[in-house]
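S.K.: As input, take structure.cif (mmCIF, C-alpha atoms):
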```cif
data_target
loop_
_atom_site.label_atom_id
_atom_site.label_comp_id
_atom_site.auth_asym_id
_atom_site.auth_seq_id
_atom_site.Cartn_x
_atom_site.Cartn_y
_atom_site.Cartn_z
CA MET I 136 -34.64 -28.02 52.69
CA ALA I 137 -34.04 -29.44 49.26
CA PHE I 138 -32.76 -26.19 47.88
CA LEU I 139 -29.91 -26.17 50.40
CA ASP I 140 -28.58 -29.29 48.69
CA PHE I 141 -27.70 -26.97 45.87
CA ILE I 142 -24.74 -25.52 47.82
CA PRO I 143 -22.82 -28.74 48.60
CA GLN I 144 -23.62 -29.91 45.09
CA MET I 145 -21.98 -26.81 43.67
CA GLY I 146 -18.94 -27.49 45.80
CA ARG I 147 -18.81 -31.09 44.65
CA ARG I 148 -19.07 -29.98 41.03
CA THR I 149 -16.19 -27.54 41.51
CA LEU I 150 -14.11 -30.19 43.23
CA GLN I 151 -14.73 -32.45 40.25
CA THR I 152 -14.19 -29.89 37.51
CA VAL I 153 -10.96 -28.21 38.56
CA PRO I 154 -8.84 -31.34 39.09
CA GLY I 155 -10.55 -32.80 36.01
CA LEU I 156 -9.19 -29.92 33.95
CA GLY I 157 -5.77 -30.48 35.46
CA ALA I 158 -5.88 -34.20 34.67
CA ALA I 159 -7.03 -33.44 31.12
CA SER I 160 -4.11 -31.03 30.67
CA ARG I 161 -1.66 -33.62 31.97
CA PHE I 162 -3.25 -36.14 29.59
CA LEU I 163 -2.77 -33.75 26.65
CA LEU I 164 0.84 -32.90 27.48
CA SER I 165 1.99 -36.42 28.18
CA SER I 166 0.26 -37.70 25.03
CA LEU I 167 1.83 -35.02 22.85
CA LEU I 168 5.25 -35.61 24.41
CA SER I 169 5.01 -39.38 24.05
CA ILE I 170 5.95 -38.85 20.40
CA PHE I 171 9.43 -39.61 21.81
CA ASN I 172 8.23 -42.82 23.43
CA ARG I 173 9.42 -46.02 21.74
CA HIS I 174 5.81 -47.18 21.39
CA PHE I 175 4.92 -44.21 19.23
CA SER I 176 4.56 -45.44 15.67
CA VAL I 177 4.75 -43.18 12.62
CA GLN I 178 2.84 -45.79 10.69
CA GLN I 179 -0.05 -45.41 13.14
CA LEU I 180 0.17 -41.63 12.73
CA PHE I 181 -0.15 -41.93 8.94
CA ARG I 182 -3.05 -44.32 9.32
CA GLN I 183 -4.84 -41.74 11.48
CA ILE I 184 -4.06 -38.82 9.16
CA TYR I 185 -5.58 -40.95 6.42
CA GLY I 186 -8.67 -41.62 8.52
CA PHE I 187 -9.13 -38.05 9.77
CA GLY I 188 -7.83 -36.04 6.87
CA VAL I 189 -8.14 -37.86 3.58
CA ARG I 190 -11.51 -39.38 4.37
CA SER I 191 -12.93 -36.02 5.55
CA LEU I 192 -11.81 -34.37 2.34
CA ILE I 193 -14.99 -34.90 0.31
CA LEU I 194 -17.17 -33.68 3.17
CA MET I 195 -15.06 -30.55 3.53
CA VAL I 196 -14.97 -29.81 -0.20
CA VAL I 197 -18.75 -30.14 -0.57
CA ALA I 198 -19.43 -28.06 2.56
CA ALA I 199 -16.94 -25.38 1.48
CA PHE I 200 -18.33 -25.18 -2.02
CA PHE I 201 -21.88 -24.56 -0.83
CA THR I 202 -20.74 -22.16 1.90
CA GLY I 203 -18.85 -20.08 -0.67
CA MET I 204 -21.80 -20.05 -3.07
CA VAL I 205 -24.20 -18.91 -0.33
CA LEU I 206 -21.74 -16.19 0.71
CA GLY I 207 -21.60 -15.01 -2.90
CA PHE I 208 -25.40 -14.82 -3.15
CA GLN I 209 -26.02 -13.16 0.21
CA GLY I 210 -23.11 -10.76 -0.17
CA TYR I 211 -24.34 -9.75 -3.62
CA TYR I 212 -27.87 -8.97 -2.46
CA ALA I 213 -26.54 -6.99 0.51
CA LEU I 214 -23.99 -5.03 -1.53
CA VAL I 215 -26.01 -4.40 -4.69
CA ARG I 216 -28.24 -1.94 -2.81
CA PHE I 217 -25.25 0.34 -2.26
CA GLY I 218 -23.77 -0.26 -5.69
CA ALA I 219 -20.77 -1.80 -3.95
CA THR I 220 -20.67 -5.20 -5.64
CA SER I 221 -17.00 -4.55 -6.42
CA ALA I 222 -16.33 -5.42 -2.76
CA LEU I 223 -17.90 -8.87 -3.15
CA GLY I 224 -14.56 -10.64 -3.65
CA THR I 225 -13.18 -9.08 -0.47
CA LEU I 226 -16.29 -10.00 1.48
CA VAL I 227 -16.26 -13.64 0.38
CA ALA I 228 -12.50 -14.06 0.92
CA LEU I 229 -12.30 -12.36 4.31
CA SER I 230 -15.37 -14.13 5.73
CA LEU I 231 -13.97 -17.48 4.67
CA LEU I 232 -10.33 -16.93 5.62
CA ARG I 233 -10.97 -15.32 8.99
CA GLU I 234 -14.06 -17.04 10.35
CA LEU I 235 -16.04 -19.54 8.34
CA GLY I 236 -13.08 -21.58 7.12
CA PRO I 237 -11.54 -22.41 10.50
CA VAL I 238 -14.83 -22.65 12.45
CA LEU I 239 -16.78 -24.77 9.96
CA THR I 240 -13.77 -27.03 9.39
CA ALA I 241 -13.48 -27.55 13.15
CA LEU I 242 -17.22 -28.18 13.62
CA LEU I 243 -17.36 -30.66 10.74
CA PHE I 244 -14.18 -32.27 12.01
CA ALA I 245 -15.68 -32.64 15.49
CA GLY I 246 -18.71 -34.34 13.98
CA ARG I 247 -16.90 -36.53 11.49
CA ALA I 248 -13.59 -37.44 13.16
CA GLY I 249 -13.97 -36.38 16.80
CA SER I 250 -17.00 -38.58 17.40
CA ALA I 251 -15.30 -41.56 15.77
CA LEU I 252 -12.21 -40.96 17.89
CA THR I 253 -14.19 -40.88 21.15
CA ALA I 254 -16.18 -43.96 20.21
CA GLU I 255 -13.00 -45.84 19.28
CA ILE I 256 -11.05 -45.02 22.45
CA SER I 257 -14.02 -45.52 24.78
CA SER I 258 -14.90 -48.89 23.31
CA MET I 259 -11.23 -49.88 23.58
CA LYS I 260 -11.58 -48.99 27.23
CA ALA I 261 -14.90 -50.83 27.60
CA THR I 262 -13.41 -53.99 26.12
CA GLU I 263 -10.34 -53.56 28.38
CA GLN I 264 -7.91 -53.23 25.50
CA LEU I 265 -6.26 -50.23 27.15
CA SER I 266 -5.71 -52.20 30.37
CA ALA I 267 -4.35 -55.11 28.32
CA MET I 268 -1.80 -52.77 26.76
CA GLU I 269 -0.70 -51.56 30.18
CA MET I 270 -0.33 -55.21 31.24
CA MET I 271 2.03 -55.72 28.30
CA ALA I 272 4.00 -52.61 29.31
CA VAL I 273 2.81 -50.77 26.22
CA ASN I 274 1.94 -47.17 27.00
CA PRO I 275 -1.61 -46.66 25.64
CA LEU I 276 -1.01 -42.90 25.50
CA ALA I 277 1.89 -43.42 23.10
CA TRP I 278 0.35 -46.24 21.08
CA VAL I 279 -3.31 -45.16 20.86
CA VAL I 280 -3.79 -41.54 21.90
CA ALA I 281 -0.68 -39.72 20.61
CA PRO I 282 -1.01 -40.70 16.90
CA ARG I 283 -4.64 -39.61 16.93
CA LEU I 284 -3.92 -36.28 18.63
CA TRP I 285 -1.06 -35.45 16.28
CA ALA I 286 -3.09 -36.57 13.27
CA GLY I 287 -5.87 -34.15 14.24
CA ILE I 288 -3.41 -31.32 14.81
CA ILE I 289 -1.82 -31.91 11.40
CA ALA I 290 -5.02 -32.57 9.47
CA VAL I 291 -7.22 -29.66 10.58
CA PRO I 292 -5.06 -26.78 9.23
CA ILE I 293 -4.61 -28.64 5.92
CA LEU I 294 -8.36 -29.22 5.69
CA CYS I 295 -8.92 -25.55 6.53
CA ALA I 296 -6.62 -24.36 3.73
CA ILE I 297 -8.49 -26.58 1.27
CA PHE I 298 -11.83 -25.37 2.71
CA ASP I 299 -10.82 -21.72 2.21
CA LEU I 300 -9.71 -22.26 -1.35
CA VAL I 301 -12.76 -24.28 -2.43
CA GLY I 302 -15.07 -21.80 -0.68
CA ILE I 303 -13.56 -18.82 -2.49
CA PHE I 304 -13.84 -20.72 -5.76
CA GLY I 305 -17.54 -21.41 -5.02
CA GLY I 306 -18.08 -17.73 -4.24
CA TYR I 307 -16.36 -16.81 -7.50
CA LEU I 308 -18.54 -19.21 -9.51
CA ILE I 309 -21.71 -17.59 -8.20
CA SER I 310 -20.49 -13.98 -8.31
CA VAL I 311 -18.87 -13.77 -11.71
CA PRO I 312 -20.58 -16.14 -14.17
CA VAL I 313 -24.01 -16.24 -12.49
CA LEU I 314 -24.54 -12.78 -10.97
CA GLY I 315 -22.41 -10.90 -13.48
CA VAL I 316 -19.92 -9.18 -11.16
CA ASP I 317 -16.80 -8.15 -13.07
CA GLY I 318 -14.19 -10.89 -12.69
CA GLY I 319 -11.19 -8.55 -12.72
CA THR I 320 -12.66 -6.39 -9.97
CA PHE I 321 -13.57 -9.47 -7.94
CA TRP I 322 -9.98 -10.70 -7.79
CA ALA I 323 -8.28 -7.29 -7.71
CA GLN I 324 -10.34 -6.04 -4.76
CA MET I 325 -9.72 -9.35 -2.99
CA GLN I 326 -5.97 -9.13 -3.57
CA SER I 327 -5.65 -5.55 -2.40
CA ASN I 328 -7.56 -6.19 0.83
CA VAL I 329 -6.40 -9.65 1.92
CA THR I 330 -2.97 -9.93 3.53
CA PHE I 331 -1.02 -13.16 3.69
CA SER I 332 0.09 -12.99 7.31
CA GLY I 333 -2.81 -10.97 8.68
CA ASP I 334 -5.68 -12.96 7.20
CA ILE I 335 -4.53 -16.25 5.66
CA LEU I 336 -1.97 -17.33 8.26
CA THR I 337 -3.99 -16.15 11.28
CA GLY I 338 -6.96 -18.09 9.91
CA LEU I 339 -4.82 -21.21 9.67
CA PHE I 340 -3.47 -20.56 13.17
CA LYS I 341 -7.05 -20.53 14.41
CA ALA I 342 -7.60 -23.86 12.64
CA LEU I 343 -4.50 -25.27 14.35
CA CYS I 344 -5.85 -24.25 17.79
CA PHE I 345 -9.23 -25.80 16.96
CA GLY I 346 -7.50 -28.98 15.81
CA VAL I 347 -5.75 -29.29 19.18
CA VAL I 348 -8.92 -28.56 21.14
CA VAL I 349 -11.25 -30.85 19.18
CA THR I 350 -8.98 -33.89 19.23
CA TRP I 351 -8.01 -33.23 22.85
CA ILE I 352 -11.65 -33.15 23.97
CA ALA I 353 -12.54 -36.18 21.85
CA ALA I 354 -9.61 -38.24 23.17
CA TRP I 355 -10.16 -37.20 26.78
CA LYS I 356 -13.91 -37.94 26.69
CA GLY I 357 -13.11 -41.35 25.23
CA TYR I 358 -10.35 -42.04 27.73
CA THR I 359 -12.52 -41.16 30.75
CA ALA I 360 -15.74 -42.77 29.50
CA ARG I 361 -17.50 -45.26 31.76
CA PRO I 362 -16.57 -48.69 30.37
CA THR I 363 -20.13 -49.70 29.49
CA ALA I 364 -22.13 -49.66 26.27
CA GLU I 365 -24.09 -46.69 27.61
CA GLY I 366 -20.89 -44.95 28.66
CA VAL I 367 -19.52 -45.20 25.11
CA GLY I 368 -22.67 -43.62 23.69
CA ASN I 369 -22.74 -40.84 26.29
CA ALA I 370 -19.05 -40.08 25.78
CA THR I 371 -19.51 -39.79 22.02
CA THR I 372 -22.45 -37.38 22.32
CA LEU I 373 -20.68 -35.35 24.98
CA SER I 374 -17.52 -35.20 22.90
CA VAL I 375 -19.26 -33.61 19.89
CA VAL I 376 -21.29 -31.18 22.03
CA THR I 377 -18.33 -30.08 24.16
CA ALA I 378 -15.96 -29.78 21.21
CA SER I 379 -18.43 -27.73 19.15
CA LEU I 380 -19.22 -25.32 21.98
CA THR I 381 -15.55 -24.98 22.90
CA VAL I 382 -14.66 -24.19 19.28
CA LEU I 383 -17.29 -21.44 19.14
CA GLY I 384 -16.20 -19.97 22.47
CA LEU I 385 -12.52 -20.20 21.68
CA ASP I 386 -13.19 -18.59 18.29
CA PHE I 387 -14.49 -15.49 20.05
CA ILE I 388 -11.40 -15.27 22.25
CA LEU I 389 -9.00 -15.88 19.34
CA THR I 390 -10.76 -13.32 17.15
CA ALA I 391 -10.56 -10.73 19.91
CA LEU I 392 -6.86 -11.48 20.37
CA LEU I 393 -5.74 -11.86 16.76
CA PHE I 394 -7.79 -9.31 14.84
CA SER I 395 -7.97 -6.40 17.28
CA MET C 326 -5.81 -50.81 4.04
CA GLU C 327 -2.29 -51.44 2.85
CA THR C 328 0.41 -49.25 4.39
CA ARG C 329 1.83 -48.22 1.05
CA ALA C 330 -1.53 -46.98 -0.21
CA ILE C 331 -2.01 -45.02 3.01
CA ASP C 332 1.37 -43.38 2.56
CA TRP C 333 0.35 -42.35 -0.94
CA TRP C 334 -2.95 -40.90 0.19
CA VAL C 335 -1.40 -39.01 3.10
CA GLY C 336 1.26 -37.64 0.76
CA ILE C 337 -1.39 -36.46 -1.70
CA PHE C 338 -3.36 -34.93 1.17
CA VAL C 339 -0.38 -32.96 2.48
CA LEU C 340 0.51 -31.83 -1.05
CA LEU C 341 -3.08 -30.69 -1.60
CA GLY C 342 -2.86 -28.63 1.58
CA ILE C 343 0.41 -27.01 0.52
CA ALA C 344 -0.95 -26.37 -2.97
CA ALA C 345 -4.06 -24.75 -1.47
CA LEU C 346 -1.88 -22.52 0.71
CA VAL C 347 0.27 -21.49 -2.26
CA VAL C 348 -2.76 -20.67 -4.40
CA LEU C 349 -4.30 -18.72 -1.52
CA ALA C 350 -1.07 -16.80 -1.03
CA LEU C 351 -0.60 -15.95 -4.71
CA ARG C 352 -4.13 -15.58 -6.00
CA VAL C 353 -5.99 -14.30 -2.94
CA GLY C 354 -3.37 -12.73 -0.70
CA ASN C 355 -1.38 -11.27 -3.59
CA LEU C 356 1.98 -12.31 -2.17
CA SER C 357 3.14 -12.13 -5.78
CA GLY C 358 2.62 -8.37 -5.63
CA PHE C 359 6.32 -7.63 -5.82
CA ALA C 360 5.81 -6.69 -9.44
CA TYR C 361 7.52 -3.34 -8.88
CA ASP C 362 10.50 -4.81 -7.08
CA ASN C 363 12.86 -3.77 -9.85
CA GLY C 364 11.22 -0.35 -10.11
CA TYR C 365 12.91 2.87 -9.08
CA VAL C 366 12.04 4.92 -6.01
CA LEU C 367 10.49 8.38 -6.01
CA HIS C 368 9.43 10.53 -3.08
CA ALA C 369 6.70 13.12 -2.82
CA ASP C 370 5.73 15.35 0.11
CA PHE C 371 2.02 15.94 0.59
CA ASN C 372 0.30 18.22 3.08
CA ASN C 373 -2.35 15.53 3.63
CA VAL C 374 -2.34 11.89 2.52
CA GLY C 375 -5.92 11.15 3.59
CA SER C 376 -6.40 7.41 3.79
CA LEU C 377 -3.57 6.49 1.41
CA LYS C 378 -1.97 3.22 2.49
CA THR C 379 1.15 1.24 1.76
CA ARG C 380 0.60 -0.69 -1.52
CA SER C 381 -1.93 1.83 -2.79
CA PRO C 382 -1.57 2.16 -6.58
CA VAL C 383 0.31 4.92 -8.39
CA LYS C 384 -1.44 5.77 -11.65
CA LEU C 385 -0.66 7.73 -14.78
CA GLY C 386 -3.61 8.36 -17.06
CA GLY C 387 -5.57 5.70 -15.17
CA VAL C 388 -2.94 3.01 -15.72
CA THR C 389 -1.18 1.61 -12.66
CA ILE C 390 2.56 2.23 -13.03
CA GLY C 391 3.71 1.61 -9.47
CA GLU C 392 2.76 1.38 -5.83
CA VAL C 393 3.25 3.23 -2.56
CA THR C 394 5.92 1.47 -0.50
CA HIS C 395 6.16 3.69 2.56
CA ILE C 396 4.41 6.63 4.17
CA GLY C 397 6.33 8.64 6.73
CA MET C 398 6.66 12.14 8.12
CA ASN C 399 9.19 14.74 7.06
CA PRO C 400 10.21 16.18 10.45
CA LYS C 401 11.47 19.47 9.01
CA THR C 402 8.49 20.48 6.92
CA TYR C 403 5.76 18.55 8.80
CA MET C 404 4.64 17.12 5.48
CA ALA C 405 3.71 13.50 4.88
CA LYS C 406 6.50 11.82 2.93
CA VAL C 407 5.26 9.19 0.47
CA THR C 408 7.74 6.77 -1.06
CA MET C 409 6.74 5.04 -4.29
CA ARG C 410 8.17 2.45 -6.62
CA ILE C 411 7.66 3.14 -10.31
CA GLU C 412 8.06 0.77 -13.25
CA PRO C 413 11.57 1.24 -14.70
CA ALA C 414 10.27 1.75 -18.24
CA ILE C 415 8.37 4.89 -17.20
CA LYS C 416 10.66 7.93 -17.06
CA LEU C 417 9.09 11.04 -15.58
CA PRO C 418 10.20 14.65 -16.28
CA ILE C 419 11.41 16.73 -13.34
CA ASP C 420 8.35 19.02 -13.42
CA THR C 421 6.00 16.08 -12.86
CA GLY C 422 3.14 16.63 -10.43
CA ALA C 423 1.49 14.20 -8.04
CA SER C 424 -1.98 14.34 -6.48
CA ILE C 425 -3.99 12.05 -4.25
CA TYR C 426 -7.40 11.20 -5.66
CA THR C 427 -10.21 8.90 -4.65
CA GLN C 428 -11.57 6.15 -6.89
CA GLY C 429 -15.26 6.96 -7.18
CA LEU C 430 -17.04 8.60 -4.27
CA LEU C 431 -16.09 6.13 -1.54
CA GLY C 432 -13.35 4.08 -3.19
CA GLU C 433 -9.75 3.71 -2.09
CA GLN C 434 -7.24 6.50 -2.61
CA TYR C 435 -4.37 6.47 -5.07
CA VAL C 436 -1.53 8.69 -6.24
CA ALA C 437 -2.17 10.23 -9.66
CA ILE C 438 0.88 11.38 -11.63
CA GLN C 439 0.68 14.32 -14.07
CA PRO C 440 3.79 14.21 -16.27
CA GLY C 441 5.45 17.55 -17.03
CA GLY C 442 7.20 18.72 -20.19
CA MET C 443 10.83 19.31 -19.19
CA PRO C 444 13.53 17.43 -21.10
CA GLN C 445 15.36 16.23 -17.94
CA ASN C 446 13.94 13.21 -16.13
CA LEU C 447 13.62 12.57 -12.40
CA LYS C 448 16.47 10.41 -11.13
CA PRO C 449 15.79 7.34 -8.96
CA GLY C 450 15.38 8.56 -5.38
CA GLY C 451 14.27 11.99 -6.61
CA THR C 452 11.44 14.01 -5.15
CA ILE C 453 8.31 15.25 -6.86
CA THR C 454 7.86 18.84 -5.70
CA MET C 455 4.52 19.80 -7.21
CA THR C 456 1.98 17.94 -5.11
CA GLN C 457 -1.64 18.23 -4.18
CA GLY C 458 -2.80 16.37 -1.09
CA ALA C 459 -6.01 14.46 -0.50
CA VAL C 460 -9.19 16.47 -0.44
CA ASN C 461 -10.93 16.39 2.89
CA ILE C 462 -14.64 16.13 2.18
CA ASP C 463 -15.62 17.18 5.74
CA GLN C 464 -13.57 20.34 5.40
CA MET C 465 -15.05 21.09 1.99
CA ILE C 466 -18.60 20.72 3.26
CA GLY C 467 -17.70 22.89 6.24
CA GLN C 468 -16.32 25.61 3.99
CA MET C 469 -19.33 25.46 1.72
CA VAL C 470 -21.79 25.75 4.59
CA PHE C 471 -19.76 28.56 6.12
CA SER C 472 -19.57 30.57 2.90
CA LYS C 473 -23.29 30.05 2.26
CA ALA C 474 -24.09 31.31 5.75
CA GLU C 475 -21.81 34.30 5.28
CA GLY C 476 -23.40 35.12 1.93
CA SER C 477 -26.94 34.98 3.31
CA SER C 478 -26.06 37.14 6.33
CA LYS C 479 -24.58 39.78 3.99
CA ALA C 480 -27.66 39.63 1.85
CA SER C 481 -29.92 40.21 4.86
CA GLY C 482 -27.67 43.10 6.04
CA ASN C 483 -28.17 44.93 2.75
CA GLN C 484 -31.88 45.00 3.12
#
```
As structure tokens - that is how I would like this structure written.
M.R.:
Amino acid sequence: MAFLDFIPQMGRRTLQTVPGLGAASRFLLSSLLSIFNRHFSVQQLFRQIYGFGVRSLILMVVAAFFTGMVLGFQGYYALVRFGATSALGTLVALSLLRELGPVLTALLFAGRAGSALTAEISSMKATEQLSAMEMMAVNPLAWVVAPRLWAGIIAVPILCAIFDLVGIFGGYLISVPVLGVDGGTFWAQMQSNVTFSGDILTGLFKALCFGVVVTWIAAWKGYTARPTAEGVGNATTLSVVTASLTVLGLDFILTALLFS
Amino acid sequence: METRAIDWWVGIFVLLGIAALVVLALRVGNLSGFAYDNGYVLHADFNNVGSLKTRSPVKLGGVTIGEVTHIGMNPKTYMAKVTMRIEPAIKLPIDTGASIYTQGLLGEQYVAIQPGGMPQNLKPGGTITMTQGAVNIDQMIGQMVFSKAEGSSKASGNQ
């Protein structure tokens, strides 16, 4: 009756998942609020913004540039059949601002910074540094987790804005000088169809949500990792996979809510 | 890394983000599009505005001289009331006409101004009375098909 084991297993899974989600939410809230704790250090926060933001900058710029150029090419070949290449600027700008900018920034961020964050916190746990902090009455949430969470939340929208801009520039470089679309039409069509609050700010709001989710998942996976060498590795893999899938799923929900 | 250097880099990073947002807002989102802020207001009532939108251009001889700022309904006449802002340097005579045209076959719609010849000019807040609304292509095709069918039925009746 091996298949009957499936039923209690499902129950056990549920019993693990639901309180796990609750504990993760409590972890997020108390970390974010521990900005008021006396162990929260602004210097640490800046150090993390440097690590997450500044050092991801080159990756983001290169990725955005190529994404924009590909969008320019593909959009051109799709639109030229209908003689509608005047809409190329709008197509490049809206795809980047609404979808590709926030999502690709979040996915790259999960790979570049999220994995490092999980590995760092889980190896701190494996080497009992977190327990040592608690012994010294230092709150590890305030000293270790909160600066990293806030750094992610601050860095991702900034990276997204830079991603959008570089991507549009890449699309422009392919469309106008290479493919010969009229430059005036490219910008004018873009300007008349992109709105500041409706497209640019909602895109950045999406990026902000992704920033919270990616760093939250990365920190939680690190914090709950098994304190072994294998546990650190598993937690890091799981962090990138979970964060990426959550970003894609959340993107669908946010798009349905914000752009309907 | 030294704290001071990190502060510098983080400052540059945040500034880059703000600069990117400003460029996006001005160059891409056209937040600078208040070019007609000092322009004067004119109204025009159309029987049909088609797909005219707020911020659609107002053109004279193909040159953009203003933009549509508001589209509402005149409750007395059941006409669509279009409010526009026009560049202050352009003075329009009181017998000026306004029509809604489409750029190309499928392009966006705009208000085209045909200046009249009267010596008096429209005052700010004035209303253009001679208007021609948007052409409804569906209706036109319907009329054409209908008149064709009518013509052929007459022709067969004469036989």
S.K.: Go through chain I and flag each residue having an atom no more than 6 Å from chain C; for those, report the closest pair of atoms plus their distance in Å to one decimal, using only C-alpha atoms, ordered by chain and rising number, as a Markdown table.
M.R.:
```
| residue | atom | partner | partner_atom | distance |
| --- | --- | --- | --- | --- |
| I:Tyr185 | CA | C:Val335 | CA | 5.7 |
| I:Ile293 | CA | C:Gly342 | CA | 4.7 |
| I:Ala296 | CA | C:Ala345 | CA | 5.8 |
| I:Ile297 | CA | C:Ala345 | CA | 5.5 |
| I:Gln326 | CA | C:Asn355 | CA | 5.1 |
| I:Val329 | CA | C:Gly354 | CA | 5.1 |
| I:Thr330 | CA | C:Gly354 | CA | 5.1 |
| I:Phe331 | CA | C:Gly354 | CA | 5.0 |
```
S.K.: Calculate how many Å separate CA of Pro275 in chain I from CA of His174 in chain I, rounding to one decimal.
M.R.: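 Between these atoms lies a distance of 8.6 Å.
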S.K.: Just give me the gap between CA of Thr262 in chain I and CA of Val367 in chain I in Å, one decimal is fine.
M.R.: 10.8 Å
S.K.: Quick one: apply the PyMOL selection byres ((chain C and resi 448-450) around 10) to the file and drop the selected residues here as a list in words.
M.R.: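 This file, filtered by the PyMOL selection byres ((chain C and resi 448-450) around 10), leaves Gly364, Tyr365, Val366, Leu367, His368, Thr408, Met409, Arg410, Ile411, Pro413, Lys416, Leu417, Pro418, Ile419, Gln445, Asn446, Leu447, Gly451, Thr452 and Ile453 of chain C.
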S.K.: Go ahead and write the residues just picked, C-alpha atoms, as a CSV table (one decimal), keeping the file's coordinate frame.
M.R.:
```csv
chain,number,residue,atom,x,y,z
C,364,GLY,CA,11.2,-0.4,-10.1
C,365,TYR,CA,12.9,2.9,-9.1
C,366,VAL,CA,12.0,4.9,-6.0
C,367,LEU,CA,10.5,8.4,-6.0
C,368,HIS,CA,9.4,10.5,-3.1
C,408,THR,CA,7.7,6.8,-1.1
C,409,MET,CA,6.7,5.0,-4.3
C,410,ARG,CA,8.2,2.4,-6.6
C,411,ILE,CA,7.7,3.1,-10.3
C,413,PRO,CA,11.6,1.2,-14.7
C,416,LYS,CA,10.7,7.9,-17.1
C,417,LEU,CA,9.1,11.0,-15.6
C,418,PRO,CA,10.2,14.6,-16.3
C,419,ILE,CA,11.4,16.7,-13.3
C,445,GLN,CA,15.4,16.2,-17.9
C,446,ASN,CA,13.9,13.2,-16.1
C,447,LEU,CA,13.6,12.6,-12.4
C,451,GLY,CA,14.3,12.0,-6.6
C,452,THR,CA,11.4,14.0,-5.2
C,453,ILE,CA,8.3,15.2,-6.9
```
S.K.: Calculated over all atoms listed in the file, which of the candidates I:Leu214, I:Met145, I:Leu380, I:Leu300 has the smallest distance to Leu226 in chain I?
M.R.: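 Comparing I:Leu214, I:Met145, I:Leu380, I:Leu300 against Leu226 in chain I, the winner is I:Leu214.
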S.K.: By how many Å are CA of Asn172 in chain I and CA of Ala277 in chain I apart?
M.R.: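 So the two atoms, CA of Asn172 in chain I and CA of Ala277 in chain I, lie 6.4 Å apart.
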S.K.: Which residue out of C:Asp370, C:Gly476, C:Gly458, C:Gly467 has the minimum interatomic distance to Pro400 in chain C when only C-alpha atoms are used?
M.R.: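 Result for the nearest residue to Pro400 in chain C: C:Asp370.
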S.K.: Take the point (-21.2, -47.0, 27.4) in the file's coordinates, draw a sphere of radius 12 Å around it, and report as a list in words every protein, DNA or RNA residue with an atom inside or on it, counting only C-alpha atoms.
M.R.: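 Here is the list of nearby residues: Thr253, Ala254, Glu255, Ile256, Ser257, Ser258, Met259, Lys260, Ala261, Thr262, Lys356, Gly357, Tyr358, Thr359, Ala360, Arg361, Pro362, Thr363, Ala364, Glu365, Gly366, Val367, Gly368, Asn369, Ala370, Thr371, Thr372 and Leu373 of chain I.
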S.K.: Run the PyMOL selection byres ((chain I and resi 340) around 12) on the file and write out the hits as a ChimeraX atom specification.
M.R.: /I:232-234,236-238,288-289,291-293,295-296,332-339,341-347,386,389-390,393
S.K.: Please check which residues have atoms at most 12 Å from (-19.1, -10.1, -1.5) in the file's coordinates, counting only C-alpha atoms, and write them as a VMD selection string.
M.R.: chain I and resid 203 to 215 218 to 231 303 305 to 307 309 to 311 314 316 to 317 320 to 322 324 to 325
S.K.: Taking the file as shown, find all residues satisfying the PyMOL selection byres ((chain C and resi 455) around 8) and write them as number ranges by chain.
M.R.: C: 420-423, 453-454, 456-457
S.K.: Would you kindly return, as a short mmCIF file (atom, residue, chain, number, x, y, z; two decimals) with C-alpha atoms, in the coordinates of the input, each protein, DNA or RNA residue with an atom no farther than 7 Å from any atom of Val375 in chain I, considering all atoms listed in the file and excluding same-chain residues fewer than 5 positions away?
M.R.:
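Saved result, part03.cif, follows:
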```cif
data_model
loop_
_atom_site.label_atom_id
_atom_site.label_comp_id
_atom_site.auth_asym_id
_atom_site.auth_seq_id
_atom_site.Cartn_x
_atom_site.Cartn_y
_atom_site.Cartn_z
CA ALA I 245 -15.68 -32.64 15.49
CA GLY I 246 -18.71 -34.34 13.98
CA GLY I 249 -13.97 -36.38 16.80
CA SER I 250 -17.00 -38.58 17.40
#
```
S.K.: Please provide the set of residues having any atom within 12 Å of Ser160 in chain I, restricted to only C-alpha atoms, with same-chain residues fewer than 3 positions apart removed, written as a PyMOL selection string.
M.R.: chain I and resi 153-157+163-167+347-348+351-352+354-355
S.K.: Grab range 439-452 of chain C from that structure and dump C-alpha atoms to a file, as a short mmCIF file (atom, residue, chain, number, x, y, z; two decimals), in the first residue's frame.
M.R.:
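Saved result, part.cif, follows:
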```
data_model
loop_
_atom_site.label_atom_id
_atom_site.label_comp_id
_atom_site.auth_asym_id
_atom_site.auth_seq_id
_atom_site.Cartn_x
_atom_site.Cartn_y
_atom_site.Cartn_z
CA GLN C 439 -8.41 75.66 -41.26
CA PRO C 440 -7.91 79.38 -40.65
CA GLY C 441 -10.65 81.70 -41.92
CA GLY C 442 -10.38 85.19 -43.37
CA MET C 443 -12.25 87.46 -40.93
CA PRO C 444 -10.34 90.39 -39.42
CA GLN C 445 -11.42 89.63 -35.81
CA ASN C 446 -9.55 86.90 -33.95
CA LEU C 447 -10.89 84.24 -31.60
CA LYS C 448 -10.44 85.27 -27.97
CA PRO C 449 -8.88 82.87 -25.43
CA GLY C 450 -11.65 80.56 -24.23
CA GLY C 451 -13.58 81.05 -27.48
CA THR C 452 -15.33 78.33 -29.41
#
```
